[in-house]
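Peer 1: Structure: structure_26.cif, mmCIF, C-alpha atoms and all ligand atoms.
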data_entry
loop_
_atom_site.label_atom_id
_atom_site.label_comp_id
_atom_site.auth_asym_id
_atom_site.auth_seq_id
_atom_site.Cartn_x
_atom_site.Cartn_y
_atom_site.Cartn_z
CA MET A 1 33.77 -7.46 -15.77
CA GLY A 2 32.02 -4.27 -17.02
CA GLN A 3 28.63 -3.26 -15.71
CA THR A 4 26.78 -6.23 -14.22
CA GLY A 5 23.49 -4.51 -13.38
CA LEU A 6 23.53 -6.94 -10.41
CA ARG A 7 21.52 -9.29 -12.66
CA ASP A 8 21.91 -12.54 -10.71
CA ALA A 9 22.80 -11.07 -7.33
CA VAL A 10 20.49 -12.07 -4.48
CA VAL A 11 20.06 -9.29 -1.92
CA GLY A 12 18.15 -11.29 0.69
CA ASP A 13 15.05 -13.35 1.43
CA THR A 14 11.53 -12.17 0.71
CA ARG A 15 8.09 -13.71 1.21
CA LEU A 16 6.31 -11.07 -0.86
CA SER A 17 6.49 -11.90 -4.53
CA SER A 18 8.35 -14.16 -6.89
CA ILE A 19 8.94 -14.18 -10.64
CA ASN A 20 9.66 -17.29 -12.65
CA GLY A 21 11.19 -15.66 -15.70
CA GLU A 22 11.44 -18.87 -17.69
CA LYS A 23 7.78 -19.81 -17.20
CA GLY A 24 6.36 -16.28 -17.24
CA GLU A 25 4.90 -16.66 -13.77
CA LEU A 26 4.35 -14.06 -11.04
CA ILE A 27 3.02 -14.76 -7.55
CA TYR A 28 2.19 -12.45 -4.63
CA ARG A 29 2.46 -14.34 -1.32
CA GLY A 30 2.12 -17.58 -3.28
CA ILE A 31 -1.05 -16.58 -5.18
CA ASP A 32 -0.93 -16.48 -8.98
CA ILE A 33 -1.19 -12.97 -10.45
CA HIS A 34 -3.89 -14.09 -12.91
CA ASP A 35 -6.17 -15.12 -10.01
CA LEU A 36 -5.57 -11.82 -8.23
CA ALA A 37 -6.13 -9.75 -11.38
CA ARG A 38 -9.40 -11.47 -12.15
CA SER A 39 -10.89 -11.79 -8.67
CA SER A 40 -9.39 -9.37 -6.15
CA THR A 41 -9.05 -5.62 -5.67
CA PHE A 42 -6.03 -3.38 -5.13
CA GLU A 43 -6.97 -2.97 -1.45
CA GLU A 44 -7.08 -6.76 -0.96
CA VAL A 45 -3.67 -7.04 -2.63
CA ALA A 46 -2.11 -4.31 -0.46
CA TYR A 47 -3.50 -6.09 2.62
CA LEU A 48 -2.14 -9.41 1.34
CA LEU A 49 1.32 -7.96 0.79
CA TRP A 50 1.49 -6.30 4.21
CA PHE A 51 -0.22 -8.90 6.39
CA ASP A 52 0.50 -12.17 4.55
CA ALA A 53 -3.16 -13.22 4.09
CA LEU A 54 -6.17 -12.09 2.10
CA PRO A 55 -8.51 -10.09 4.37
CA SER A 56 -11.87 -11.30 5.63
CA ARG A 57 -14.84 -9.09 4.71
CA ALA A 58 -14.68 -7.33 8.11
CA SER A 59 -10.90 -6.80 7.92
CA LEU A 60 -11.17 -5.48 4.39
CA ASP A 61 -13.85 -2.98 5.41
CA THR A 62 -11.67 -1.74 8.29
CA PHE A 63 -8.64 -1.57 6.02
CA ARG A 64 -10.48 0.43 3.36
CA ALA A 65 -11.81 2.82 6.02
CA ASN A 66 -8.27 3.20 7.40
CA LEU A 67 -6.98 4.14 3.96
CA ASN A 68 -9.86 6.48 3.25
CA LYS A 69 -9.42 8.49 6.43
CA ARG A 70 -5.78 9.14 5.43
CA ARG A 71 -6.37 10.40 1.90
CA SER A 72 -6.70 14.13 2.59
CA LEU A 73 -3.76 16.38 1.86
CA PRO A 74 -2.41 18.28 4.91
CA ALA A 75 -2.93 22.01 4.20
CA LYS A 76 0.82 22.68 4.42
CA LEU A 77 1.55 19.95 1.89
CA ALA A 78 -1.08 21.41 -0.44
CA ALA A 79 0.78 24.72 -0.11
CA VAL A 80 4.05 22.98 -1.07
CA LEU A 81 2.35 21.59 -4.21
CA ARG A 82 1.02 25.04 -5.10
CA ASP A 83 4.53 26.53 -4.78
CA LEU A 84 6.17 23.98 -7.10
CA PRO A 85 6.73 24.86 -10.78
CA HIS A 86 3.57 23.86 -12.60
CA ASP A 87 5.34 22.62 -15.69
CA GLY A 88 7.39 20.02 -13.83
CA THR A 89 6.90 16.28 -14.16
CA PRO A 90 4.40 14.74 -11.75
CA MET A 91 6.99 12.14 -10.67
CA ASP A 92 9.21 14.99 -9.46
CA ALA A 93 6.22 16.56 -7.68
CA LEU A 94 5.36 13.21 -6.07
CA ARG A 95 8.96 12.66 -4.95
CA THR A 96 9.09 16.15 -3.44
CA ALA A 97 5.70 15.78 -1.72
CA VAL A 98 6.57 12.40 -0.19
CA SER A 99 9.88 13.76 1.04
CA ALA A 100 8.03 16.74 2.59
CA LEU A 101 5.39 14.45 4.11
CA GLY A 102 8.04 12.94 6.37
CA LEU A 103 8.62 16.37 7.91
CA PHE A 104 4.93 16.61 8.84
CA ASP A 105 4.88 13.22 10.61
CA PRO A 106 5.85 13.53 14.30
CA LYS A 107 6.44 9.75 14.34
CA VAL A 108 8.82 9.86 11.39
CA MET A 109 11.57 7.99 13.26
CA ASP A 110 9.26 5.71 15.26
CA MET A 111 10.33 2.28 14.02
CA SER A 112 7.65 0.27 15.89
CA LEU A 113 5.60 -2.07 13.71
CA GLU A 114 2.47 -0.09 14.54
CA ALA A 115 4.07 3.16 13.31
CA GLN A 116 5.41 1.42 10.19
CA VAL A 117 1.91 0.22 9.27
CA GLU A 118 0.52 3.71 9.87
CA LYS A 119 3.10 5.16 7.49
CA ALA A 120 2.43 2.50 4.88
CA LEU A 121 -1.30 3.29 5.11
CA THR A 122 -0.69 7.03 4.87
CA LEU A 123 1.63 6.74 1.89
CA THR A 124 -0.61 4.35 -0.02
CA ALA A 125 -3.70 6.44 0.74
CA ILE A 126 -2.20 9.78 -0.19
CA PHE A 127 -0.37 9.08 -3.48
CA PRO A 128 -3.54 9.48 -5.61
CA THR A 129 -4.44 12.69 -3.75
CA ILE A 130 -0.98 14.24 -4.23
CA LEU A 131 -0.94 13.44 -7.93
CA ALA A 132 -4.50 14.53 -8.66
CA ALA A 133 -3.94 17.77 -6.71
CA TYR A 134 -0.70 18.53 -8.58
CA TYR A 135 -2.43 17.86 -11.89
CA ARG A 136 -5.34 20.18 -11.12
CA ILE A 137 -3.12 22.93 -9.68
CA SER A 138 -0.93 22.78 -12.79
CA GLN A 139 -4.06 23.17 -14.93
CA GLY A 140 -5.21 26.21 -12.93
CA LEU A 141 -7.99 24.18 -11.30
CA GLU A 142 -8.85 23.68 -7.64
CA PRO A 143 -7.97 20.25 -6.19
CA VAL A 144 -10.93 17.93 -5.61
CA ALA A 145 -11.27 16.41 -2.13
CA PRO A 146 -11.16 12.61 -1.84
CA ASP A 147 -14.52 10.84 -1.69
CA PRO A 148 -14.57 8.51 1.35
CA SER A 149 -16.97 6.14 -0.43
CA LEU A 150 -14.43 5.40 -3.19
CA ASP A 151 -11.40 3.10 -3.17
CA THR A 152 -7.94 3.92 -4.53
CA ALA A 153 -8.54 3.54 -8.28
CA ALA A 154 -11.96 5.23 -8.36
CA ASN A 155 -10.80 7.99 -6.01
CA PHE A 156 -7.83 8.81 -8.24
CA LEU A 157 -10.05 9.12 -11.33
CA HIS A 158 -12.56 11.17 -9.32
CA MET A 159 -9.99 13.57 -7.86
CA PHE A 160 -8.27 13.87 -11.23
CA SER A 161 -11.27 14.71 -13.39
CA GLY A 162 -13.68 16.03 -10.76
CA LYS A 163 -16.24 13.47 -11.95
CA LYS A 164 -17.17 10.18 -10.34
CA PRO A 165 -15.87 7.49 -12.74
CA ASP A 166 -18.13 4.76 -14.05
CA ASP A 167 -17.66 1.32 -12.52
CA ARG A 168 -16.00 -0.11 -15.62
CA ALA A 169 -13.27 2.58 -15.76
CA ALA A 170 -12.65 2.25 -12.02
CA ARG A 171 -12.37 -1.54 -12.31
CA VAL A 172 -9.97 -1.31 -15.26
CA LEU A 173 -7.65 0.96 -13.29
CA ASP A 174 -8.08 -1.25 -10.23
CA VAL A 175 -6.83 -4.28 -12.21
CA ALA A 176 -3.87 -2.27 -13.49
CA LEU A 177 -3.02 -1.36 -9.89
CA ILE A 178 -3.19 -5.04 -8.84
CA LEU A 179 -0.79 -5.97 -11.65
CA HIS A 180 1.80 -3.32 -10.73
CA ALA A 181 1.74 -3.72 -6.93
CA ASP A 182 4.91 -5.78 -6.52
CA HIS A 183 7.57 -7.37 -8.65
CA GLY A 184 10.44 -8.98 -6.80
CA MET A 185 13.70 -7.08 -6.44
CA ASN A 186 13.13 -4.48 -9.16
CA ALA A 187 15.23 -1.30 -9.30
CA SER A 188 12.88 0.97 -7.33
CA THR A 189 12.25 -1.63 -4.61
CA PHE A 190 15.97 -2.15 -4.31
CA ALA A 191 16.48 1.63 -4.05
CA ALA A 192 13.93 1.72 -1.21
CA LEU A 193 15.65 -1.15 0.58
CA VAL A 194 19.12 0.37 0.31
CA THR A 195 17.78 3.46 2.09
CA ALA A 196 15.75 1.44 4.64
CA SER A 197 18.77 -0.75 5.40
CA THR A 198 20.55 2.26 6.90
CA LEU A 199 17.56 2.42 9.33
CA SER A 200 16.49 5.64 7.71
CA ASP A 201 12.73 6.31 7.84
CA MET A 202 10.04 4.98 5.50
CA TYR A 203 9.41 8.35 3.81
CA SER A 204 13.08 8.54 2.84
CA ALA A 205 13.00 4.97 1.53
CA ILE A 206 9.91 5.66 -0.58
CA THR A 207 11.40 8.93 -1.84
CA SER A 208 14.40 6.93 -3.10
CA ALA A 209 12.07 4.45 -4.79
CA ILE A 210 10.12 7.18 -6.61
CA GLY A 211 13.36 8.58 -8.02
CA ALA A 212 14.31 5.14 -9.34
CA LEU A 213 10.87 4.38 -10.79
CA LYS A 214 10.90 7.58 -12.83
CA GLY A 215 13.60 6.40 -15.26
CA PRO A 216 12.68 5.29 -18.80
CA LEU A 217 14.25 1.87 -18.29
CA HIS A 218 11.87 1.22 -15.38
CA GLY A 219 8.47 2.86 -14.77
CA GLY A 220 8.97 5.55 -17.39
CA ALA A 221 8.66 3.07 -20.26
CA ASN A 222 4.84 3.21 -20.39
CA GLU A 223 5.01 6.88 -21.35
CA GLY A 224 7.52 6.01 -24.07
CA VAL A 225 5.06 3.48 -25.51
CA ILE A 226 2.28 6.01 -26.01
CA HIS A 227 4.71 8.55 -27.48
CA ASN A 228 5.72 5.87 -29.97
CA LEU A 229 2.11 4.98 -30.85
CA LEU A 230 1.25 8.64 -31.39
CA ASP A 231 4.40 9.08 -33.45
CA ILE A 232 3.49 6.07 -35.64
CA GLY A 233 -0.02 7.47 -36.04
CA GLU A 234 -1.68 4.81 -38.16
CA MET A 235 -1.79 1.04 -38.40
CA GLU A 236 -0.13 0.91 -41.82
CA ASN A 237 2.98 2.66 -40.43
CA VAL A 238 3.65 0.17 -37.62
CA ASP A 239 5.75 -2.42 -39.46
CA GLY A 240 8.01 0.12 -41.16
CA TRP A 241 8.50 2.02 -37.91
CA VAL A 242 9.54 -1.15 -36.05
CA THR A 243 11.93 -2.12 -38.85
CA ARG A 244 13.56 1.32 -38.81
CA LYS A 245 13.96 1.37 -35.01
CA LEU A 246 15.50 -2.08 -34.86
CA ALA A 247 17.80 -1.36 -37.82
CA ALA A 248 19.01 1.73 -35.93
CA HIS A 249 19.60 -0.51 -32.84
CA GLU A 250 17.14 1.56 -30.80
CA LYS A 251 15.35 0.02 -27.84
CA ILE A 252 11.58 -0.11 -28.31
CA MET A 253 9.75 0.76 -25.11
CA GLY A 254 7.44 -1.92 -23.75
CA PHE A 255 9.59 -4.86 -24.89
CA GLY A 256 12.21 -6.99 -23.20
CA HIS A 257 12.76 -7.64 -19.55
CA ALA A 258 15.70 -8.28 -17.27
CA VAL A 259 14.00 -11.34 -15.72
CA TYR A 260 11.22 -12.60 -18.02
CA LYS A 261 12.39 -14.74 -20.88
CA ALA A 262 8.75 -15.67 -21.57
CA TYR A 263 5.49 -13.72 -21.90
CA ASP A 264 5.10 -11.33 -18.96
CA PRO A 265 1.88 -12.52 -17.25
CA ARG A 266 0.97 -8.91 -16.45
CA ALA A 267 1.06 -8.13 -20.18
CA THR A 268 -1.43 -10.98 -20.77
CA GLU A 269 -3.91 -9.38 -18.36
CA LEU A 270 -3.26 -5.84 -19.58
CA LYS A 271 -3.77 -6.90 -23.18
CA ARG A 272 -7.13 -8.36 -22.17
CA ILE A 273 -8.27 -5.22 -20.37
CA ALA A 274 -6.83 -2.94 -23.07
CA LYS A 275 -9.12 -4.67 -25.54
CA GLU A 276 -12.08 -4.40 -23.17
CA VAL A 277 -11.53 -0.74 -22.36
CA GLY A 278 -10.93 0.08 -26.04
CA ALA A 279 -14.14 -1.67 -27.11
CA ALA A 280 -16.14 0.06 -24.35
CA ALA A 281 -14.76 3.47 -25.35
CA GLY A 282 -15.24 2.78 -29.08
CA THR A 283 -11.51 3.36 -29.76
CA THR A 284 -9.71 0.09 -30.46
CA LYS A 285 -7.13 1.81 -32.67
CA TRP A 286 -4.38 2.04 -30.05
CA VAL A 287 -4.66 -1.49 -28.76
CA ALA A 288 -4.85 -2.82 -32.33
CA MET A 289 -1.68 -0.89 -33.24
CA THR A 290 -0.02 -2.21 -30.09
CA GLU A 291 -0.86 -5.79 -31.09
CA ARG A 292 0.58 -5.16 -34.52
CA MET A 293 3.74 -3.75 -32.95
CA GLU A 294 3.98 -6.82 -30.73
CA GLN A 295 3.78 -9.06 -33.80
CA ALA A 296 6.34 -7.02 -35.76
CA VAL A 297 8.85 -6.98 -32.88
CA TRP A 298 8.36 -10.71 -32.34
CA ASN A 299 8.90 -11.47 -36.04
CA ALA A 300 12.06 -9.38 -36.18
CA LYS A 301 13.67 -10.06 -32.83
CA GLN A 302 11.63 -12.57 -30.77
CA LEU A 303 11.21 -10.09 -27.92
CA TYR A 304 8.23 -10.42 -25.58
CA PRO A 305 6.16 -7.46 -24.44
CA ASN A 306 6.48 -6.31 -20.84
CA VAL A 307 3.97 -4.73 -18.45
CA ASP A 308 4.33 -1.30 -20.04
CA LEU A 309 3.28 -2.19 -23.56
CA TYR A 310 -0.45 -2.57 -23.03
CA SER A 311 -0.83 -0.40 -19.92
CA ALA A 312 -0.08 2.58 -22.19
CA SER A 313 -3.21 2.19 -24.33
CA VAL A 314 -5.28 1.35 -21.22
CA TYR A 315 -4.34 4.63 -19.51
CA TYR A 316 -4.60 6.62 -22.73
CA THR A 317 -8.10 5.32 -23.38
CA LEU A 318 -9.09 6.08 -19.78
CA GLY A 319 -8.15 9.71 -20.51
CA ILE A 320 -5.14 9.84 -18.17
CA PRO A 321 -2.60 12.38 -19.54
CA THR A 322 0.70 10.77 -20.58
CA PRO A 323 2.92 12.34 -17.88
CA TYR A 324 0.68 10.59 -15.33
CA PHE A 325 1.27 7.04 -16.64
CA THR A 326 4.37 6.46 -14.51
CA PRO A 327 2.69 8.07 -11.47
CA VAL A 328 -0.16 5.52 -11.83
CA PHE A 329 2.53 2.82 -11.58
CA ALA A 330 3.72 4.53 -8.36
CA ILE A 331 0.17 4.65 -6.90
CA SER A 332 0.20 0.87 -7.08
CA ARG A 333 3.84 0.03 -6.39
CA VAL A 334 3.89 1.97 -3.12
CA ALA A 335 2.03 -1.02 -1.64
CA GLY A 336 4.92 -3.30 -2.62
CA TRP A 337 7.63 -0.81 -1.64
CA THR A 338 6.22 -0.34 1.85
CA ALA A 339 5.74 -4.11 2.27
CA HIS A 340 9.40 -4.68 1.34
CA VAL A 341 10.58 -1.88 3.64
CA MET A 342 8.66 -3.45 6.56
CA GLU A 343 10.18 -6.84 5.69
CA GLN A 344 13.64 -5.22 5.64
CA TYR A 345 13.17 -3.53 9.02
CA ALA A 346 12.05 -6.86 10.53
CA ASP A 347 15.38 -8.51 9.63
CA ASN A 348 17.78 -5.71 8.76
CA LYS A 349 21.33 -5.80 7.55
CA LEU A 350 23.02 -2.70 6.14
CA MET A 351 23.36 -3.02 2.36
CA ARG A 352 26.95 -2.39 1.48
CA PRO A 353 28.14 -4.07 -1.74
CA ARG A 354 31.53 -3.57 -3.31
CA ALA A 355 32.67 -2.36 -6.71
CA ASN A 356 35.46 -3.86 -8.76
CA TYR A 357 38.12 -1.11 -8.77
CA VAL A 358 39.61 -0.75 -12.25
CA GLY A 359 41.26 2.68 -11.77
CA ALA A 360 44.90 3.66 -11.42
CA ARG A 361 47.04 2.90 -8.36
CA GLY A 362 50.21 4.46 -6.93
CA VAL A 363 49.63 7.88 -8.58
CA THR A 364 51.98 10.58 -7.24
CA TYR A 365 50.26 13.59 -5.63
CA THR A 366 50.96 16.82 -7.58
CA PRO A 367 50.83 20.06 -5.50
CA LEU A 368 48.25 22.61 -6.73
CA SER A 369 50.94 25.09 -7.78
CA GLU A 370 52.55 22.53 -10.11
CA ARG A 371 49.40 21.34 -11.91
CA LYS A 372 48.94 22.21 -15.62
CA ASP A 373 45.75 23.72 -17.00
CA ASP A 374 43.24 20.98 -17.62
CA ILE A 375 39.90 22.67 -17.90
CA LYS A 376 37.09 20.15 -17.80
CA LEU A 377 34.29 22.26 -16.31
C1 LIG B 1 14.11 -3.83 -19.75
C2 LIG B 1 15.50 -3.91 -20.36
C3 LIG B 1 16.39 -2.79 -19.77
C4 LIG B 1 16.07 -5.28 -20.05
O1 LIG B 1 17.35 -5.29 -20.43
P1 LIG B 1 18.25 -6.62 -20.48
O2 LIG B 1 17.60 -7.83 -19.99
O3 LIG B 1 19.49 -6.22 -19.81
O4 LIG B 1 18.37 -6.88 -21.97
P2 LIG B 1 19.52 -6.29 -22.84
O5 LIG B 1 19.49 -4.81 -22.77
O6 LIG B 1 20.79 -7.00 -22.47
O7 LIG B 1 19.08 -6.80 -24.28
C5 LIG B 1 19.29 -8.09 -24.79
C6 LIG B 1 19.11 -8.03 -26.30
O8 LIG B 1 17.74 -7.71 -26.59
C7 LIG B 1 17.67 -6.45 -27.22
N1 LIG B 1 16.57 -5.73 -26.63
C8 LIG B 1 16.16 -5.81 -25.34
N2 LIG B 1 15.10 -5.01 -25.15
C9 LIG B 1 14.86 -4.43 -26.35
C10 LIG B 1 13.91 -3.52 -26.78
N3 LIG B 1 12.99 -3.03 -25.95
N4 LIG B 1 13.94 -3.13 -28.07
C11 LIG B 1 14.85 -3.61 -28.92
N5 LIG B 1 15.78 -4.48 -28.57
C12 LIG B 1 15.80 -4.88 -27.29
C13 LIG B 1 18.98 -5.75 -26.93
O9 LIG B 1 19.28 -4.78 -27.88
C14 LIG B 1 19.91 -6.93 -26.96
O10 LIG B 1 20.09 -7.29 -28.29
P3 LIG B 1 21.50 -7.77 -28.83
O11 LIG B 1 21.81 -9.04 -28.08
O12 LIG B 1 21.28 -7.95 -30.30
O13 LIG B 1 22.46 -6.67 -28.48
C15 LIG B 1 15.44 -3.74 -21.89
O14 LIG B 1 14.70 -4.81 -22.44
C16 LIG B 1 14.85 -2.42 -22.31
O15 LIG B 1 15.56 -1.41 -22.32
N6 LIG B 1 13.55 -2.40 -22.68
C17 LIG B 1 12.89 -1.17 -23.07
C18 LIG B 1 12.47 -0.37 -21.84
C19 LIG B 1 11.29 -0.99 -21.14
O16 LIG B 1 10.30 -1.35 -21.76
N7 LIG B 1 11.41 -1.05 -19.82
C20 LIG B 1 10.34 -1.57 -18.98
C21 LIG B 1 10.78 -2.82 -18.29
S1 LIG B 1 9.43 -3.54 -17.41
#
Have the structure of the file written as structure tokens, please.
Peer 2:
Amino acid sequence: MGQTGLRDAVVGDTRLSSINGEKGELIYRGIDIHDLARSSTFEEVAYLLWFDALPSRASLDTFRANLNKRRSLPAKLAAVLRDLPHDGTPMDALRTAVSALGLFDPKVMDMSLEAQVEKALTLTAIFPTILAAYYRISQGLEPVAPDPSLDTAANFLHMFSGKKPDDRAARVLDVALILHADHGMNASTFAALVTASTLSDMYSAITSAIGALKGPLHGGANEGVIHNLLDIGEMENVDGWVTRKLAAHEKIMGFGHAVYKAYDPRATELKRIAKEVGAAAGTTKWVAMTERMEQAVWNAKQLYPNVDLYSASVYYTLGIPTPYFTPVFAISRVAGWTAHVMEQYADNKLMRPRANYVGARGVTYTPLSERKDDIKL
């Protein structure tokens, strides 16, 4: 049987999002991702995922205010961030901070729907603040307080750089957040649900998810893409680089997908905004090289790009440092994780799969005194 990666296993029902891998289609609560990317905001999408409807103007205003009043870092959590090693990865800092946050919440084990929504709001509101604070502390700078007039994307850029971003940059990041907010039963969502299914608390579930998202086969791939582009350096090197990587049977980050066997619809939107943001910044080099890479990989192996291919040049052009690419994914995906955790709590069953045992049986126990040296440590 070997490793199955649970590819076709169904873990339960969901009403949140669905992928049609053959058609290259993604829907959140029935709405096509292209419509959401072009017309909505990240806050509307988080509301949609949690409450199963797009908000009215009044509900959206209340929702945004609810998020904004939860963005500040508790002083003790800021102290935790200051005490962490400053050369660590921001995903590790985020995972540690979210785990610690649970200790500061007196309602950590309150499983009422009201308390669940409060936690989902707190987590979604505070991710950008945690990450921007860790970045600034690690650079020897003072953290910048959240601006209550700014939404998630703009606030992150503001707290990160200390400058209010222009509307175009904020909108570009906002669209990226919409596109990453949910994606069926991906590895990090599954990790969150395994933890939630034990009726552990939401902070623990989201801590599990952050650990899973960090890996290079999941959220970490966008950082790999920019490392590759920088390594390639110039347009004329792209084709040769791709040929060498494929000949060496190396995986090229930003290509292939466990579910999509067609063009990832998120990549379509990210390619569009990568071109826009590149043109606005006067640096189309990275997106042009990415397009060339897409063509070369297609010609050689007929592999489609995934969400990480074009998000890399978007974030790079926005001036976000590479180690923060995967954290940007987390800033968005926490909306989907928390929505799935609430869905799990509403109809819970402990997740407890089985493994196919292929080891030995009937082995005789050897007493310690009779065992031969077999040093493996
Ligand atoms: C995402 C991923 C793990 C999906 O894996 P999968 O569906 O299990 O696909 P497999 O690993 O079975 O690959 C199937 C074939 O395509 C090839 N392939 C898949 N992704 C590839 C990539 N990024 N670069 C080169 N070849 C790739 C495999 O080598 C394999 O080829 P083979 O049949 O000649 O051996 C895989 O595509 C990958 O590692 N991609 C790079 C990391 C990445 O971008 N992750 C972000 C996902 S959103």
Peer 1: Would you mind reading off the distance between atom N2 of ligand LIG 1 (chain B) and atom CA of A:Tyr304, one decimal, in Å?
Peer 2: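 Distance reported for this atom pair: 8.8 Å.
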Peer 1: Mind giving me the straight-line distance from atom CA of A:Glu223 to atom CA of A:Thr326 in Å, one decimal?
Peer 2: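 Going from atom CA of A:Glu223 over to atom CA of A:Thr326, I get 6.9 Å.
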Peer 1: Hey, which residues sit close to ligand LIG 1 (chain B)? Say within 7 Å, counting only C-alpha atoms and all ligand atoms, and write them as a PDB file with C-alpha atoms, in the frame of the given file.
Peer 2:
ATOM      1  CA  PRO A 216      12.680   5.290 -18.800  1.00  0.00           C
ATOM      2  CA  LEU A 217      14.250   1.870 -18.290  1.00  0.00           C
ATOM      3  CA  HIS A 218      11.870   1.220 -15.380  1.00  0.00           C
ATOM      4  CA  GLY A 219       8.470   2.860 -14.770  1.00  0.00           C
ATOM      5  CA  ALA A 221       8.660   3.070 -20.260  1.00  0.00           C
ATOM      6  CA  LEU A 246      15.500  -2.080 -34.860  1.00  0.00           C
ATOM      7  CA  HIS A 249      19.600  -0.510 -32.840  1.00  0.00           C
ATOM      8  CA  GLU A 250      17.140   1.560 -30.800  1.00  0.00           C
ATOM      9  CA  LYS A 251      15.350   0.020 -27.840  1.00  0.00           C
ATOM     10  CA  ILE A 252      11.580  -0.110 -28.310  1.00  0.00           C
ATOM     11  CA  MET A 253       9.750   0.760 -25.110  1.00  0.00           C
ATOM     12  CA  GLY A 254       7.440  -1.920 -23.750  1.00  0.00           C
ATOM     13  CA  PHE A 255       9.590  -4.860 -24.890  1.00  0.00           C
ATOM     14  CA  GLY A 256      12.210  -6.990 -23.200  1.00  0.00           C
ATOM     15  CA  HIS A 257      12.760  -7.640 -19.550  1.00  0.00           C
ATOM     16  CA  ALA A 258      15.700  -8.280 -17.270  1.00  0.00           C
ATOM     17  CA  VAL A 259      14.000 -11.340 -15.720  1.00  0.00           C
ATOM     18  CA  LEU A 303      11.210 -10.090 -27.920  1.00  0.00           C
ATOM     19  CA  ASN A 306       6.480  -6.310 -20.840  1.00  0.00           C
ATOM     20  CA  VAL A 307       3.970  -4.730 -18.450  1.00  0.00           C
ATOM     21  CA  ASP A 308       4.330  -1.300 -20.040  1.00  0.00           C
TER      22      ASP A 308
END
Peer 1: Please compute the atom CA of A:Ala154-atom CA of A:Val45 distance, one decimal, in Å.
Peer 2: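 Computing it gives 15.9 Å between the two atoms.
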Peer 1: Would you kindly return, as an NGL selection string, each protein, DNA or RNA residue with an atom no farther than 12 Å from any atom of A:Ala209, considering only C-alpha atoms and excluding same-chain residues fewer than 3 positions away?
Peer 2: :A and (91-92 or 94-95 or 98-99 or 185-196 or 202-206 or 212-215 or 218-219 or 329-330 or 333-338 or 340-341)
Peer 1: For A:Asp110, which of A:Phe160, A:Val287, A:Met351, A:Asp201 is the closest residue, counting only C-alpha atoms?
Peer 2: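 Nearest candidate to A:Asp110 out of A:Phe160, A:Val287, A:Met351, A:Asp201: A:Asp201.
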Peer 1: Do you know which residues are at most 12 Å from A:Asp83 counting all atoms listed in the file, after dropping those on the same chain fewer than 3 positions away, and could you put them as JSON, numbers by chain?
Peer 2: {"A": [76, 77, 78, 79, 80, 86, 87, 88, 93, 96, 97, 134, 137, 138]}
Peer 1: Could you pull the residues within 12 Å of A:Val358, counting all atoms listed in the file, minus those fewer than 5 positions along the same chain, as a ChimeraX atom specification?
Peer 2: /A:1-3
Peer 1: Name the closest residue to A:Leu121 among the candidates A:Ala169, A:Ala360, A:Ala65, A:Ile226; distances are taken between atoms, counting all atoms listed in the file.
Peer 2: A:Ala65
Peer 1: Find, counting all atoms listed in the file, the residue in A:Leu54, A:Leu84, A:Ala281, A:Ala181 that gets nearest to A:Tyr135.
Peer 2: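 Smallest distance to A:Tyr135 is found for A:Leu84.
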Peer 1: Between A:Leu157, A:Met109, A:Leu81, A:Ala53, single out the one closest to A:Glu142, counting only C-alpha atoms.
Peer 2: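 Between A:Leu157, A:Met109, A:Leu81, A:Ala53, the residue approaching A:Glu142 most closely is A:Leu81.
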Peer 1: Restricting the calculation to only C-alpha atoms, which member of A:Ala346, A:Ile31, A:Leu36, A:Leu230 is positioned closest to A:Glu269?
Peer 2: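 Selected residue with least distance to A:Glu269: A:Leu36.
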Peer 1: Here is a test: counting all atoms listed in the file, which residue of A:Lys119, A:Arg361, A:Arg272, A:Lys163 is nearest to A:Leu67?
Peer 2: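 When distances to A:Leu67 are compared using all atoms listed in the file, the smallest one comes from A:Lys119.
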Peer 1: Stretch 69-71 of chain A: which residues within 10 Å, counting only C-alpha atoms, same-chain residues fewer than 3 positions away excluded, as a PDB file with C-alpha atoms, in the frame of the given file?
Peer 2:
ATOM      1  CA  ARG A  64     -10.480   0.430   3.360  1.00  0.00           C
ATOM      2  CA  ALA A  65     -11.810   2.820   6.020  1.00  0.00           C
ATOM      3  CA  ASN A  66      -8.270   3.200   7.400  1.00  0.00           C
ATOM      4  CA  PRO A  74      -2.410  18.280   4.910  1.00  0.00           C
ATOM      5  CA  GLU A 118       0.520   3.710   9.870  1.00  0.00           C
ATOM      6  CA  LYS A 119       3.100   5.160   7.490  1.00  0.00           C
ATOM      7  CA  LEU A 121      -1.300   3.290   5.110  1.00  0.00           C
ATOM      8  CA  THR A 122      -0.690   7.030   4.870  1.00  0.00           C
ATOM      9  CA  LEU A 123       1.630   6.740   1.890  1.00  0.00           C
ATOM     10  CA  THR A 124      -0.610   4.350  -0.020  1.00  0.00           C
ATOM     11  CA  ALA A 125      -3.700   6.440   0.740  1.00  0.00           C
ATOM     12  CA  ILE A 126      -2.200   9.780  -0.190  1.00  0.00           C
ATOM     13  CA  PHE A 127      -0.370   9.080  -3.480  1.00  0.00           C
ATOM     14  CA  PRO A 128      -3.540   9.480  -5.610  1.00  0.00           C
ATOM     15  CA  THR A 129      -4.440  12.690  -3.750  1.00  0.00           C
ATOM     16  CA  ILE A 130      -0.980  14.240  -4.230  1.00  0.00           C
ATOM     17  CA  ALA A 145     -11.270  16.410  -2.130  1.00  0.00           C
ATOM     18  CA  PRO A 146     -11.160  12.610  -1.840  1.00  0.00           C
ATOM     19  CA  ASP A 147     -14.520  10.840  -1.690  1.00  0.00           C
ATOM     20  CA  PRO A 148     -14.570   8.510   1.350  1.00  0.00           C
ATOM     21  CA  THR A 152      -7.940   3.920  -4.530  1.00  0.00           C
ATOM     22  CA  ASN A 155     -10.800   7.990  -6.010  1.00  0.00           C
TER      23      ASN A 155
END
